[in-house]
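Trainee: Coordinates in run_23.txt, compact mmCIF, C-alpha atoms, are listed below.
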# COMPACT_ATOMS: atom_id res chain seq x y z
CA MET A 1 138.50 -50.83 -213.57
CA GLU A 2 139.03 -49.78 -210.03
CA GLU A 3 135.98 -50.40 -207.89
CA PRO A 4 134.44 -47.32 -206.24
CA ARG A 5 135.65 -46.76 -202.76
CA LEU A 6 132.96 -47.10 -200.10
CA GLU A 7 132.74 -44.36 -197.51
CA SER A 8 132.24 -45.06 -193.93
CA LEU A 9 129.19 -43.66 -192.18
CA GLY A 10 131.36 -41.16 -190.35
CA GLN A 11 132.82 -39.88 -193.63
CA VAL A 12 129.34 -39.46 -195.14
CA LEU A 13 128.10 -37.46 -192.16
CA HIS A 14 131.21 -35.30 -192.17
CA ARG A 15 130.77 -34.53 -195.89
CA ILE A 16 127.12 -33.59 -195.39
CA LYS A 17 128.04 -31.34 -192.48
CA ASP A 18 130.70 -29.54 -194.57
CA GLY A 19 128.19 -29.00 -197.37
CA LEU A 20 125.63 -27.50 -195.03
CA SER A 21 128.12 -25.10 -193.50
CA ARG A 22 129.08 -23.78 -196.95
CA SER A 23 125.53 -23.47 -198.27
CA THR A 24 124.06 -19.97 -198.56
CA SER A 25 120.64 -20.99 -199.85
CA LEU A 26 119.33 -22.83 -196.81
CA PRO A 27 116.59 -21.23 -194.66
CA LEU A 28 117.58 -19.38 -191.54
CA THR A 29 117.08 -21.01 -188.17
CA ASN A 30 115.17 -19.28 -185.40
CA THR A 31 118.45 -18.13 -183.87
CA GLU A 32 119.74 -16.33 -186.95
CA THR A 33 119.02 -12.75 -187.94
CA PRO A 34 118.15 -11.90 -191.56
CA SER A 35 120.83 -9.85 -193.27
CA LEU A 36 118.53 -6.92 -194.09
CA ASP A 37 119.12 -3.21 -193.90
CA ILE A 38 116.31 -2.75 -191.37
CA GLU A 39 116.05 -3.98 -187.82
CA PRO A 40 113.46 -6.69 -187.07
CA PRO A 41 110.28 -5.22 -185.52
CA CYS A 42 110.90 -7.03 -182.24
CA GLY A 43 114.06 -8.69 -181.03
CA THR A 44 112.08 -11.14 -178.91
CA CYS A 45 109.50 -12.53 -181.33
CA ARG A 46 110.97 -11.34 -184.68
CA GLY A 47 107.68 -9.67 -185.47
CA PHE A 48 105.50 -12.78 -185.12
CA LYS A 49 103.80 -11.37 -181.94
CA PHE A 50 104.06 -14.76 -180.19
CA VAL A 51 106.83 -16.69 -178.48
CA GLY A 52 107.12 -20.27 -177.22
CA TYR A 53 107.05 -21.28 -173.59
CA ALA A 54 110.47 -22.01 -172.14
CA VAL A 55 109.51 -25.44 -170.80
CA PRO A 56 111.24 -28.84 -171.01
CA LEU A 57 110.45 -31.28 -173.79
CA GLY A 58 107.42 -33.35 -172.85
CA ALA A 59 106.02 -30.82 -170.38
CA PRO A 60 102.26 -30.14 -170.66
CA ASP A 61 102.84 -26.64 -172.10
CA PHE A 62 105.54 -27.73 -174.54
CA GLY A 63 104.92 -26.31 -178.01
CA LYS A 64 102.34 -23.77 -176.88
CA LEU A 65 102.64 -20.08 -177.73
CA ARG A 66 101.99 -17.00 -175.68
CA PRO A 67 101.79 -13.30 -176.63
CA CYS A 68 105.19 -11.66 -176.85
CA PRO A 69 105.63 -9.66 -173.61
CA VAL A 70 107.65 -6.96 -175.37
CA CYS A 71 105.02 -6.39 -178.05
CA VAL A 72 102.23 -6.39 -175.47
CA THR A 73 104.01 -3.66 -173.51
CA HIS A 74 104.61 -1.57 -176.63
CA GLU A 75 100.98 -1.90 -177.72
CA ARG A 76 99.80 -0.91 -174.25
CA GLU A 77 101.94 2.21 -174.32
CA ALA A 78 100.93 3.06 -177.89
CA ARG A 79 97.15 2.77 -177.38
CA ASP A 80 95.51 6.12 -176.68
CA TRP A 81 92.40 5.37 -174.67
CA PHE A 82 91.44 9.05 -174.73
CA ALA A 83 91.48 9.32 -178.52
CA GLY A 84 87.72 8.94 -178.92
CA LEU A 85 86.81 11.71 -176.48
CA GLU A 86 85.70 14.99 -177.98
CA VAL A 87 87.37 17.96 -176.30
CA THR A 88 84.99 20.79 -175.43
CA PRO A 89 85.29 23.89 -173.24
CA GLY A 90 83.32 21.99 -170.59
CA ASN A 91 85.64 18.99 -170.33
CA GLU A 92 89.04 20.19 -171.55
CA SER A 93 90.62 20.47 -168.10
CA ALA A 94 89.04 17.21 -166.96
CA ILE A 95 90.57 15.33 -169.90
CA ARG A 96 93.95 16.88 -169.19
CA TYR A 97 93.92 15.85 -165.53
CA ALA A 98 92.55 12.41 -166.41
CA LYS A 99 95.48 11.83 -168.77
CA GLN A 100 97.89 12.89 -166.03
CA MET A 101 96.27 10.44 -163.62
CA ALA A 102 96.45 7.64 -166.18
CA GLN A 103 100.14 8.20 -166.87
CA ASN A 104 101.21 9.03 -163.33
CA PRO A 105 98.78 7.63 -160.73
CA THR A 106 99.10 9.90 -157.71
CA GLY A 107 96.56 10.99 -155.11
CA TRP A 108 92.85 11.19 -155.81
CA LEU A 109 91.00 12.51 -158.85
CA VAL A 110 87.32 13.29 -158.27
CA LEU A 111 85.28 13.94 -161.41
CA THR A 112 81.98 15.71 -160.81
CA GLY A 113 79.26 16.81 -163.19
CA ASN A 114 75.73 16.20 -164.34
CA VAL A 115 74.61 12.93 -165.87
CA GLY A 116 75.91 12.47 -169.41
CA THR A 117 78.79 14.96 -169.28
CA GLY A 118 81.45 12.25 -169.70
CA ARG A 119 82.56 11.39 -166.17
CA THR A 120 82.31 7.63 -166.73
CA SER A 121 84.03 7.88 -170.14
CA LEU A 122 87.05 9.52 -168.53
CA ALA A 123 87.10 6.97 -165.71
CA LYS A 124 86.96 4.18 -168.28
CA ALA A 125 89.88 5.67 -170.23
CA ILE A 126 92.00 5.90 -167.07
CA LEU A 127 91.20 2.34 -165.97
CA SER A 128 91.82 0.96 -169.48
CA HIS A 129 95.20 2.69 -169.62
CA TRP A 130 96.18 1.15 -166.29
CA ALA A 131 94.99 -2.32 -167.30
CA GLY A 132 96.38 -2.20 -170.84
CA LYS A 133 93.01 -3.30 -172.21
CA GLU A 134 89.45 -2.03 -172.28
CA ARG A 135 87.91 -2.06 -168.82
CA ILE A 136 84.59 -0.77 -167.50
CA PRO A 137 84.78 0.97 -164.10
CA THR A 138 82.81 -0.50 -161.21
CA THR A 139 80.00 1.63 -159.85
CA ALA A 140 79.50 2.13 -156.13
CA SER A 141 76.26 0.13 -156.36
CA GLN A 142 78.05 -2.81 -158.03
CA LEU A 143 80.82 -2.75 -155.43
CA LEU A 144 78.30 -2.83 -152.59
CA ASP A 145 76.39 -5.68 -154.27
CA SER A 146 79.63 -7.63 -154.55
CA TRP A 147 80.34 -7.16 -150.85
CA ARG A 148 76.82 -8.27 -149.93
CA SER A 149 77.14 -11.44 -151.99
CA HIS A 150 80.32 -12.40 -150.15
CA ILE A 151 78.63 -12.08 -146.76
CA ARG A 152 76.63 -15.18 -147.68
CA THR A 153 79.78 -17.08 -148.65
CA ASP A 154 81.63 -16.20 -145.44
CA ASP A 155 84.56 -14.56 -147.22
CA PHE A 156 83.41 -10.95 -146.93
CA GLU A 157 86.38 -9.71 -144.90
CA ALA A 158 88.91 -11.11 -147.38
CA THR A 159 87.00 -9.64 -150.33
CA PHE A 160 86.59 -6.27 -148.65
CA ARG A 161 90.29 -6.13 -147.74
CA ARG A 162 91.28 -7.05 -151.31
CA ASP A 163 89.18 -4.23 -152.74
CA VAL A 164 90.39 -1.73 -150.17
CA ASP A 165 94.04 -2.62 -150.70
CA THR A 166 94.06 -2.65 -154.51
CA PRO A 167 96.91 -0.37 -155.65
CA LEU A 168 94.78 1.53 -158.18
CA ALA A 169 91.02 1.98 -157.87
CA VAL A 170 88.24 3.55 -159.92
CA LEU A 171 84.83 4.00 -158.30
CA ASP A 172 82.10 5.23 -160.62
CA ASP A 173 78.83 7.01 -159.82
CA LEU A 174 79.24 7.46 -156.08
CA GLY A 175 76.01 8.84 -154.66
CA ALA A 176 73.67 6.84 -156.92
CA GLU A 177 73.63 3.77 -154.66
CA LYS A 178 70.88 2.92 -152.20
CA VAL A 179 71.94 4.40 -148.87
CA THR A 180 71.51 2.37 -145.70
CA ASP A 181 73.40 2.28 -142.43
CA TRP A 182 75.40 -0.67 -143.72
CA THR A 183 76.31 0.86 -147.10
CA ALA A 184 77.21 4.17 -145.46
CA ASP A 185 79.53 2.44 -143.00
CA ARG A 186 81.20 0.31 -145.65
CA LEU A 187 81.76 3.18 -148.07
CA THR A 188 83.14 5.29 -145.24
CA GLN A 189 85.59 2.53 -144.28
CA TYR A 190 86.59 1.97 -147.90
CA LEU A 191 87.25 5.66 -148.58
CA ASP A 192 88.92 6.26 -145.20
CA TRP A 193 91.36 3.41 -145.75
CA ARG A 194 92.42 4.61 -149.20
CA TYR A 195 92.52 8.26 -148.10
CA VAL A 196 94.75 7.68 -145.07
CA ARG A 197 97.15 5.53 -147.12
CA ARG A 198 97.05 7.99 -150.04
CA GLN A 199 96.32 5.20 -152.52
CA PRO A 200 95.66 6.41 -156.09
CA THR A 201 91.89 6.55 -156.56
CA VAL A 202 89.51 7.91 -159.19
CA ILE A 203 85.93 8.68 -158.15
CA THR A 204 83.06 10.02 -160.24
CA THR A 205 79.90 11.54 -158.81
CA ASN A 206 77.11 13.87 -159.82
CA CYS A 207 76.89 15.16 -156.23
CA ASP A 208 78.48 18.29 -154.90
CA ARG A 209 79.64 18.49 -151.29
CA ALA A 210 76.32 19.66 -149.89
CA SER A 211 74.21 17.05 -151.67
CA LEU A 212 76.63 14.29 -150.70
CA VAL A 213 76.39 15.26 -147.03
CA GLU A 214 72.60 15.35 -147.27
CA ARG A 215 72.44 11.98 -149.01
CA PHE A 216 74.37 10.18 -146.25
CA GLN A 217 72.97 12.25 -143.39
CA ASP A 218 71.99 10.29 -140.26
CA LYS A 219 73.26 7.05 -141.79
CA GLY A 220 75.92 4.72 -140.43
CA GLN A 221 77.84 5.13 -137.22
CA GLY A 222 78.51 8.80 -136.80
CA PHE A 223 78.51 11.49 -139.47
CA ALA A 224 78.95 9.41 -142.61
CA GLY A 225 77.93 12.23 -144.95
CA GLU A 226 80.36 14.74 -143.50
CA ARG A 227 83.16 12.20 -143.41
CA ILE A 228 82.70 10.98 -146.99
CA ALA A 229 82.34 14.52 -148.32
CA ASP A 230 85.40 15.61 -146.36
CA ARG A 231 87.48 12.93 -148.10
CA LEU A 232 86.18 13.59 -151.61
CA PHE A 233 86.48 17.36 -151.48
CA ASP A 234 89.70 17.69 -149.50
CA VAL A 235 91.55 19.97 -151.90
CA ALA A 236 93.41 21.83 -149.14
CA THR A 237 95.97 19.09 -148.45
CA GLY A 238 96.82 18.55 -152.10
CA LEU A 239 95.86 14.87 -152.03
CA VAL A 240 92.56 15.35 -153.88
CA ARG A 241 91.94 17.13 -157.16
CA VAL A 242 88.29 17.88 -157.89
CA VAL A 243 87.41 18.62 -161.52
CA SER A 244 83.91 19.48 -162.71
CA LEU A 245 82.61 18.62 -166.18
CA THR A 246 80.09 21.10 -167.51
CA GLY A 247 78.00 21.46 -170.61
CA LEU A 248 75.23 19.44 -172.21
CA SER A 249 74.86 15.71 -171.92
CA TRP A 250 76.92 13.90 -174.57
CA ARG A 251 74.03 11.53 -175.15
CA SER A 252 71.56 14.40 -175.65
CA VAL A 253 73.86 16.11 -178.15
CA ALA A 254 74.39 12.85 -180.05
CA ASN A 255 70.64 12.37 -180.41
CA GLU A 256 69.92 15.85 -181.75
Using structure tokens, write down the structure from this file.
Mentor:
Amino acid sequence: MEEPRLESLGQVLHRIKDGLSRSTSLPLTNTETPSLDIEPPCGTCRGFKFVGYAVPLGAPDFGKLRPCPVCVTHEREARDWFAGLEVTPGNESAIRYAKQMAQNPTGWLVLTGNVGTGRTSLAKAILSHWAGKERIPTTASQLLDSWRSHIRTDDFEATFRRDVDTPLAVLDDLGAEKVTDWTADRLTQYLDWRYVRRQPTVITTNCDRASLVERFQDKGQGFAGERIADRLFDVATGLVRVVSLTGLSWRSVANE
């Protein structure tokens, strides 16, 4: 009887390789596309919502996952941050202009109205759309408190310049802050800087022009009230759009 012929290691490996190439029952690798009649939900992550870091083997981040950038962008565009707002005759135009500002940030949008009419809710929807996640707008009082805290840490100028230069800004509840010479000067500088450079800005206030002038009267260096009001209510140049929300307080209606 003829003894079985021993294969060399190279022949064994070659035979295994040929068998793998002909097999149709093996699982797909991460570079293959399933032969289905529908397209995968995302060409980047194949629908898993996460992708691996492109880092060398042995690097600290090797093997870690991060959210798929394509899916994150799609989810940001698909989320309607205005969906929960009830449209009424008193806020219909404000919601329309707020959506325009969210989708195409241009100029200034000033939302005025009594307390509870939805000014902050619209500002929140705009800011959340810009950020791609839920964000709460900063009030004028909070912004001033932040600036004060940085005076003590000797980095006020850098912080102030960062806030002034931010590409998109939302300032909530202007006119409710404690007015001093210092706050009047700082708010005037902040608004002047953004106004002159036509930086997209959303401001909410329950003050009209006259009450805003009165509130800042005789404060700061010069006519702070007139200057701030002139910026917020400058509808003649086309830079600023002022929209008033009317009607009952949303919170009062909800509690009835």
Trainee: I'd like the interatomic distance between atom CA of Glu86 of chain A and atom CA of Leu232 of chain A, to a tenth of an Å.
Mentor: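 Calculated distance between atom CA of Glu86 of chain A and atom CA of Leu232 of chain A is 26.4 Å.
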Trainee: How far is it from atom CA of Leu122 of chain A to atom CA of Leu212 of chain A, in Å with one decimal?
Mentor: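 A separation of 21.2 Å between them.
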Trainee: In Å, with one decimal, what is the gap from atom CA of Thr246 of chain A to atom CA of Arg119 of chain A?
Mentor: 10.1 Å
Trainee: Please provide as a list in words all residues within 7 Å of segment 189-200 of chain A, with the sequence filter that same-chain residues fewer than 2 positions apart are discarded (counting only C-alpha atoms).
Mentor: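 Returned residues: Pro105, Thr106, Gly107, Trp108, Val164, Pro167, Leu168, Ala169, Asp185, Arg186, Leu187 and Arg231 of chain A.
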Trainee: Here's a test: counting all atoms listed in the file, identify every protein, DNA and RNA residue with an atom at most 12 Å from (75.8, 2.5, -145.3) in the file's coordinate frame, and state them as a ChimeraX atom specification.
Mentor: /A:140-141,144,148,175,177-190,215-225,228
Trainee: With 9 Å as the threshold, what does the neighbourhood of (88.6, 12.9, -174.6) contain in terms of residues, counting all atoms listed in the file? Coordinates are those of the file; answer as a ChimeraX atom specification.
Mentor: /A:81-88,91-92,94-96,118,121-122,125
Trainee: With distances taken over all atoms listed in the file, which residue among A:Thr117, A:Thr237, A:Ser244, A:Thr201 lies nearest Met101 of chain A?
Mentor: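 Counting all atoms listed in the file, the residue closest to Met101 of chain A is A:Thr201.
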Trainee: Which residues, written as a list in words, have at least one atom at most 8 Å from Ala102 of chain A, with all atoms listed in the file counted and residues fewer than 2 positions away on the same chain left out?
Mentor: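 With the cut-off at 8 Å, the set is Ala98, Lys99, Gln100, Asn104, Pro105, Ala125, Ile126, Leu127, His129 and Trp130 of chain A.
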Trainee: Taking all atoms of segment 114-129 of chain A that appear in the file, build a box with edges along x, y and z, extend it by 6 Å on every side, and state its centre and edge lengths in Å to one decimal, as JSON.
Mentor:
{"center_x": 84.9, "center_y": 8.6, "center_z": -167.3, "size_x": 32.6, "size_y": 27.2, "size_z": 17.9}
